[in-house]
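Colleague: This is the structure I have questions about; it appears just below.
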Amino acid sequence: MQHFLRLLHWILDLILRQPLLFWSAMGANLVGVVWGGWIWYGPQLAAAPWWAWLFIPDCPAAALWATIAFLGLRYGRSWGWFNAFAAFACIKYGLWTLAFWLRHWSVVGAFEPLELMLFVSHIGLTAEGVLLALRIGSLRLPVRLSIIGWFALSIWVDYGLGHHPPLTYAVPVAFVFWVATGLTTLLGLALLLLPTYMEVLEKKL
């Protein structure tokens, strides 16, 4: 585990130190923010009430939060609570999207190039969340519970009020609901338990 943690720190430091690598990653994030928000979620946002807009564009919003968090890290501003929020969003919605496409392909039996591109890009989104999790640091329990509460609320807005992401005929609502619920539960437990565990490990590095 210590060797893996060292590797992750090395990758994060490399991204933050190398301008070409850093700005390429941030540029890719912003493309995802614009394309996802405008093309994928645009019609849904136009038809939804304004108060639901914060909850609807899941992955584009996660990419935006990650971009802000990485910019903060590059310029010496580490906001632990925001890093935790962005990491939670990137990992949750990155893995949710991977599960979505795997379920879709298992039924359809084939994939389109755009679908494969989206799959690969969300592996990257998930990886960004893992890297941001390295810079969470110590967070008070109310802060951790607030972050978990936000993502639990998003499940209710998505599946209780019907504002979940667009689905294909091959992916039932029940499937993505349980994926979202399971990921929120697991990440919530990790947010409660891992920061202390990570601090202990890092002292040994």
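All residue names refer to the structure tokens as shown: chains lettered A, B, ... in order, residues numbered from 1 in each chain, ligands numbered from 1 in order.
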Please provide the set of residues having any atom within 10 Å of Phe111 in chain A, restricted to only C-alpha atoms, with same-chain residues fewer than 5 positions apart removed, written as an MDAnalysis selection string.
Modeller: chainID A and resid 101:102 104:106 116
Colleague: Just the residues within 8 Å of Gly80 in chain A, please, counting only C-alpha atoms, with nothing from its chain fewer than 3 positions along; format it as a PDB file with C-alpha atoms, in the first residue's frame.
Modeller:
ATOM      1  CA  ASN A  83     -10.693  18.546  -2.672  1.00  0.00           C
ATOM      2  CA  ALA A  84     -12.794  15.982  -0.831  1.00  0.00           C
ATOM      3  CA  ARG A 135      -4.884  16.177  -0.725  1.00  0.00           C
ATOM      4  CA  ILE A 136      -7.937  15.985   1.496  1.00  0.00           C
ATOM      5  CA  GLY A 137      -6.046  16.115   4.793  1.00  0.00           C
ATOM      6  CA  SER A 138      -7.806  16.424   8.124  1.00  0.00           C
ATOM      7  CA  LEU A 139     -11.491  17.296   7.939  1.00  0.00           C
TER       8      LEU A 139
END
Colleague: Which residues of range 82-175 of chain A have any atom within 12 Å of an atom in range 32-48 of chain A when counting only C-alpha atoms, and what is the closest pair of atoms for each, with the distance in Å to one decimal? Order the rows by chain and rising number and write it as CSV.
Modeller:
residue,atom,partner,partner_atom,distance
A:Met117,CA,A:Gly32,CA,11.3
A:Leu118,CA,A:Gly32,CA,9.5
A:Ser121,CA,A:Gly32,CA,8.6
A:His122,CA,A:Gly32,CA,9.8
A:Gly124,CA,A:Gly32,CA,11.2
A:Leu125,CA,A:Gly32,CA,9.8
A:Val157,CA,A:Ala48,CA,11.4
A:Asp158,CA,A:Ala48,CA,11.5
A:Leu161,CA,A:Ala48,CA,10.7
A:Gly162,CA,A:Ala48,CA,10.0
A:His163,CA,A:Ala48,CA,7.9
A:His164,CA,A:Gln44,CA,9.5
A:Pro165,CA,A:Tyr41,CA,7.6
A:Pro166,CA,A:Tyr41,CA,7.7
A:Leu167,CA,A:Trp40,CA,10.7
Colleague: Emit the selected residues as a JSON list (two decimals), in the first residue's frame, including N, CA, C and O atoms.
Modeller:
[["chain", "number", "residue", "atom", "x", "y", "z"],
["A", 117, "MET", "N", -14.99, 6.58, -26.46],
["A", 117, "MET", "CA", -14.30, 7.79, -26.02],
["A", 117, "MET", "C", -14.82, 8.25, -24.67],
["A", 117, "MET", "O", -14.05, 8.63, -23.78],
["A", 118, "LEU", "N", -16.14, 8.21, -24.49],
["A", 118, "LEU", "CA", -16.73, 8.60, -23.22],
["A", 118, "LEU", "C", -16.28, 7.66, -22.10],
["A", 118, "LEU", "O", -16.02, 8.10, -20.97],
["A", 121, "SER", "N", -12.64, 8.54, -21.25],
["A", 121, "SER", "CA", -12.54, 9.84, -20.58],
["A", 121, "SER", "C", -13.02, 9.76, -19.13],
["A", 121, "SER", "O", -12.50, 10.46, -18.26],
["A", 122, "HIS", "N", -13.97, 8.86, -18.86],
["A", 122, "HIS", "CA", -14.45, 8.74, -17.47],
["A", 122, "HIS", "C", -13.54, 7.87, -16.61],
["A", 122, "HIS", "O", -13.60, 7.95, -15.39],
["A", 124, "GLY", "N", -10.40, 8.52, -16.88],
["A", 124, "GLY", "CA", -9.57, 9.66, -16.49],
["A", 124, "GLY", "C", -10.21, 10.48, -15.39],
["A", 124, "GLY", "O", -9.52, 10.93, -14.46],
["A", 125, "LEU", "N", -11.53, 10.69, -15.47],
["A", 125, "LEU", "CA", -12.22, 11.44, -14.42],
["A", 125, "LEU", "C", -12.09, 10.74, -13.07],
["A", 125, "LEU", "O", -11.84, 11.38, -12.04],
["A", 157, "VAL", "N", -32.79, 13.63, -5.66],
["A", 157, "VAL", "CA", -33.17, 14.52, -6.76],
["A", 157, "VAL", "C", -33.18, 13.74, -8.08],
["A", 157, "VAL", "O", -34.11, 13.87, -8.89],
["A", 158, "ASP", "N", -32.16, 12.92, -8.29],
["A", 158, "ASP", "CA", -32.05, 12.17, -9.55],
["A", 158, "ASP", "C", -33.15, 11.12, -9.71],
["A", 158, "ASP", "O", -33.80, 11.06, -10.75],
["A", 161, "LEU", "N", -37.02, 12.38, -7.80],
["A", 161, "LEU", "CA", -37.73, 13.43, -8.53],
["A", 161, "LEU", "C", -37.59, 13.31, -10.04],
["A", 161, "LEU", "O", -38.13, 14.13, -10.78],
["A", 162, "GLY", "N", -36.84, 12.30, -10.49],
["A", 162, "GLY", "CA", -36.77, 12.03, -11.93],
["A", 162, "GLY", "C", -35.79, 12.85, -12.72],
["A", 162, "GLY", "O", -35.93, 12.98, -13.94],
["A", 163, "HIS", "N", -34.75, 13.39, -12.07],
["A", 163, "HIS", "CA", -33.77, 14.21, -12.79],
["A", 163, "HIS", "C", -32.47, 13.45, -13.03],
["A", 163, "HIS", "O", -31.39, 14.06, -13.13],
["A", 164, "HIS", "N", -32.54, 12.13, -13.13],
["A", 164, "HIS", "CA", -31.34, 11.32, -13.37],
["A", 164, "HIS", "C", -30.81, 11.56, -14.78],
["A", 164, "HIS", "O", -31.53, 12.09, -15.65],
["A", 165, "PRO", "N", -29.55, 11.19, -15.04],
["A", 165, "PRO", "CA", -28.97, 11.40, -16.37],
["A", 165, "PRO", "C", -29.74, 10.64, -17.45],
["A", 165, "PRO", "O", -30.44, 9.66, -17.16],
["A", 166, "PRO", "N", -29.61, 11.08, -18.70],
["A", 166, "PRO", "CA", -30.26, 10.36, -19.80],
["A", 166, "PRO", "C", -29.77, 8.92, -19.88],
["A", 166, "PRO", "O", -28.57, 8.66, -19.70],
["A", 167, "LEU", "N", -30.68, 8.01, -20.13],
["A", 167, "LEU", "CA", -30.35, 6.58, -20.19],
["A", 167, "LEU", "C", -30.69, 6.03, -21.57],
["A", 167, "LEU", "O", -31.49, 6.61, -22.30]]
Colleague: Just checking: using only C-alpha atoms, which residue out of A:Tyr159, A:Val176, A:Ala152, A:Tyr93 ends up closest to Ala127 in chain A?
Modeller: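 Checking each of A:Tyr159, A:Val176, A:Ala152, A:Tyr93 against Ala127 in chain A, counting only C-alpha atoms, the winner is A:Tyr93.
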Colleague: With distances taken over only C-alpha atoms, which residue among A:Leu183, A:Leu16, A:Leu141, A:Ala133 lies nearest Thr97 in chain A?
Modeller: A:Leu183
Colleague: Pick from A:Thr185, A:Gln2, A:Gln18, A:Thr168: nearest to Arg103 in chain A, with only C-alpha atoms counted?
Modeller: A:Thr168
Colleague: Give me the residues near Ala89 in chain A as a ChimeraX atom specification, where near means some atom within 10 Å (using only C-alpha atoms) and where sequence neighbours in that chain fewer than 4 positions away do not count.
Modeller: /A:58-59,61-63,65-66,83-85,93-95,125-126,129,147,151,184,187
Colleague: Can you list every residue in range 26-166 of chain A that DSSP puts in helix (DSSP H, G or I), as a ChimeraX atom specification?
Modeller: /A:26-40,42-47,50-52,58-74,80-108,113-133,141-160
Colleague: Go ahead and save the picked residues with C-alpha atoms, as a compact mmCIF listing (two decimals), in the first residue's frame.
Modeller:
# COMPACT_ATOMS: atom_id res chain seq x y z
CA MET A 26 -7.26 20.95 -17.53
CA GLY A 27 -8.11 21.61 -21.18
CA ALA A 28 -9.56 18.11 -21.50
CA ASN A 29 -11.61 18.76 -18.37
CA LEU A 30 -13.03 21.99 -19.77
CA VAL A 31 -13.94 20.27 -23.04
CA GLY A 32 -15.85 17.75 -20.95
CA VAL A 33 -17.55 20.51 -19.00
CA VAL A 34 -18.72 22.33 -22.13
CA TRP A 35 -19.55 19.30 -24.28
CA GLY A 36 -21.23 17.37 -21.48
CA GLY A 37 -23.15 20.34 -20.15
CA TRP A 38 -24.28 21.58 -23.56
CA ILE A 39 -24.74 18.42 -25.66
CA TRP A 40 -25.45 15.63 -23.20
CA GLY A 42 -28.43 20.64 -22.40
CA PRO A 43 -31.99 19.54 -23.28
CA GLN A 44 -32.53 18.17 -19.78
CA LEU A 45 -31.31 21.39 -18.16
CA ALA A 46 -33.58 23.46 -20.41
CA ALA A 47 -36.62 21.46 -19.29
CA TRP A 50 -33.60 26.08 -11.94
CA TRP A 51 -33.09 24.57 -8.49
CA ALA A 52 -32.28 21.18 -10.05
CA ASP A 58 -23.15 15.12 -12.88
CA CYS A 59 -19.95 14.43 -14.83
CA PRO A 60 -19.49 17.92 -16.35
CA ALA A 61 -19.87 19.40 -12.86
CA ALA A 62 -17.38 16.88 -11.44
CA ALA A 63 -14.87 17.83 -14.15
CA LEU A 64 -15.38 21.53 -13.31
CA TRP A 65 -14.86 20.93 -9.58
CA ALA A 66 -11.72 18.90 -10.37
CA THR A 67 -10.35 21.69 -12.55
CA ILE A 68 -10.84 24.25 -9.77
CA ALA A 69 -9.26 21.92 -7.20
CA PHE A 70 -6.23 21.18 -9.41
CA LEU A 71 -5.75 24.89 -10.14
CA GLY A 72 -5.76 25.50 -6.41
CA LEU A 73 -3.13 22.81 -5.85
CA ARG A 74 -0.92 24.12 -8.65
CA GLY A 80 -9.19 20.14 1.91
CA TRP A 81 -12.99 20.19 2.02
CA PHE A 82 -13.26 21.16 -1.66
CA ASN A 83 -10.69 18.55 -2.67
CA ALA A 84 -12.79 15.98 -0.83
CA PHE A 85 -15.98 17.17 -2.54
CA ALA A 86 -14.35 17.14 -5.99
CA ALA A 87 -12.75 13.74 -5.39
CA PHE A 88 -16.09 12.27 -4.26
CA ALA A 89 -17.81 13.66 -7.37
CA CYS A 90 -15.14 12.48 -9.82
CA ILE A 91 -14.92 8.96 -8.42
CA LYS A 92 -18.68 8.53 -8.02
CA TYR A 93 -19.72 9.81 -11.41
CA GLY A 94 -16.68 8.37 -13.17
CA LEU A 95 -17.42 4.86 -11.91
CA TRP A 96 -21.17 5.34 -12.43
CA THR A 97 -20.54 6.13 -16.09
CA LEU A 98 -18.26 3.12 -16.52
CA ALA A 99 -20.96 0.88 -15.06
CA PHE A 100 -23.55 2.52 -17.31
CA TRP A 101 -21.64 1.84 -20.52
CA LEU A 102 -20.65 -1.69 -19.51
CA ARG A 103 -24.32 -2.49 -18.87
CA HIS A 104 -25.31 -0.87 -22.17
CA TRP A 105 -22.73 -2.82 -24.16
CA SER A 106 -23.62 -6.09 -22.44
CA VAL A 107 -27.14 -5.75 -23.86
CA VAL A 108 -26.41 -4.13 -27.22
CA PRO A 113 -16.50 5.16 -31.20
CA LEU A 114 -18.09 8.05 -29.27
CA GLU A 115 -19.22 5.66 -26.54
CA LEU A 116 -15.71 4.26 -26.23
CA MET A 117 -14.30 7.79 -26.02
CA LEU A 118 -16.73 8.60 -23.22
CA PHE A 119 -15.75 5.40 -21.42
CA VAL A 120 -12.03 6.20 -21.58
CA SER A 121 -12.54 9.84 -20.58
CA HIS A 122 -14.45 8.74 -17.47
CA ILE A 123 -11.60 6.45 -16.49
CA GLY A 124 -9.57 9.66 -16.49
CA LEU A 125 -12.22 11.44 -14.42
CA THR A 126 -12.10 8.66 -11.85
CA ALA A 127 -8.30 8.81 -11.76
CA GLU A 128 -8.44 12.55 -11.12
CA GLY A 129 -10.68 11.89 -8.14
CA VAL A 130 -8.22 9.38 -6.72
CA LEU A 131 -5.36 11.89 -7.06
CA LEU A 132 -7.38 14.66 -5.43
CA ALA A 133 -8.15 12.34 -2.53
CA LEU A 141 -16.67 15.25 11.04
CA PRO A 142 -19.45 17.76 10.24
CA VAL A 143 -17.65 18.65 7.01
CA ARG A 144 -17.39 15.00 6.00
CA LEU A 145 -21.03 14.40 6.83
CA SER A 146 -22.07 17.46 4.84
CA ILE A 147 -20.28 16.18 1.73
CA ILE A 148 -21.87 12.76 2.12
CA GLY A 149 -25.25 14.40 2.67
CA TRP A 150 -24.94 16.39 -0.56
CA PHE A 151 -24.38 13.28 -2.64
CA ALA A 152 -27.15 11.43 -0.83
CA LEU A 153 -29.44 14.36 -1.65
CA SER A 154 -28.39 14.12 -5.29
CA ILE A 155 -29.69 10.54 -5.38
CA TRP A 156 -33.09 11.71 -4.19
CA VAL A 157 -33.17 14.52 -6.76
CA ASP A 158 -32.05 12.17 -9.55
CA TYR A 159 -34.19 9.13 -8.83
CA GLY A 160 -36.84 10.36 -6.46
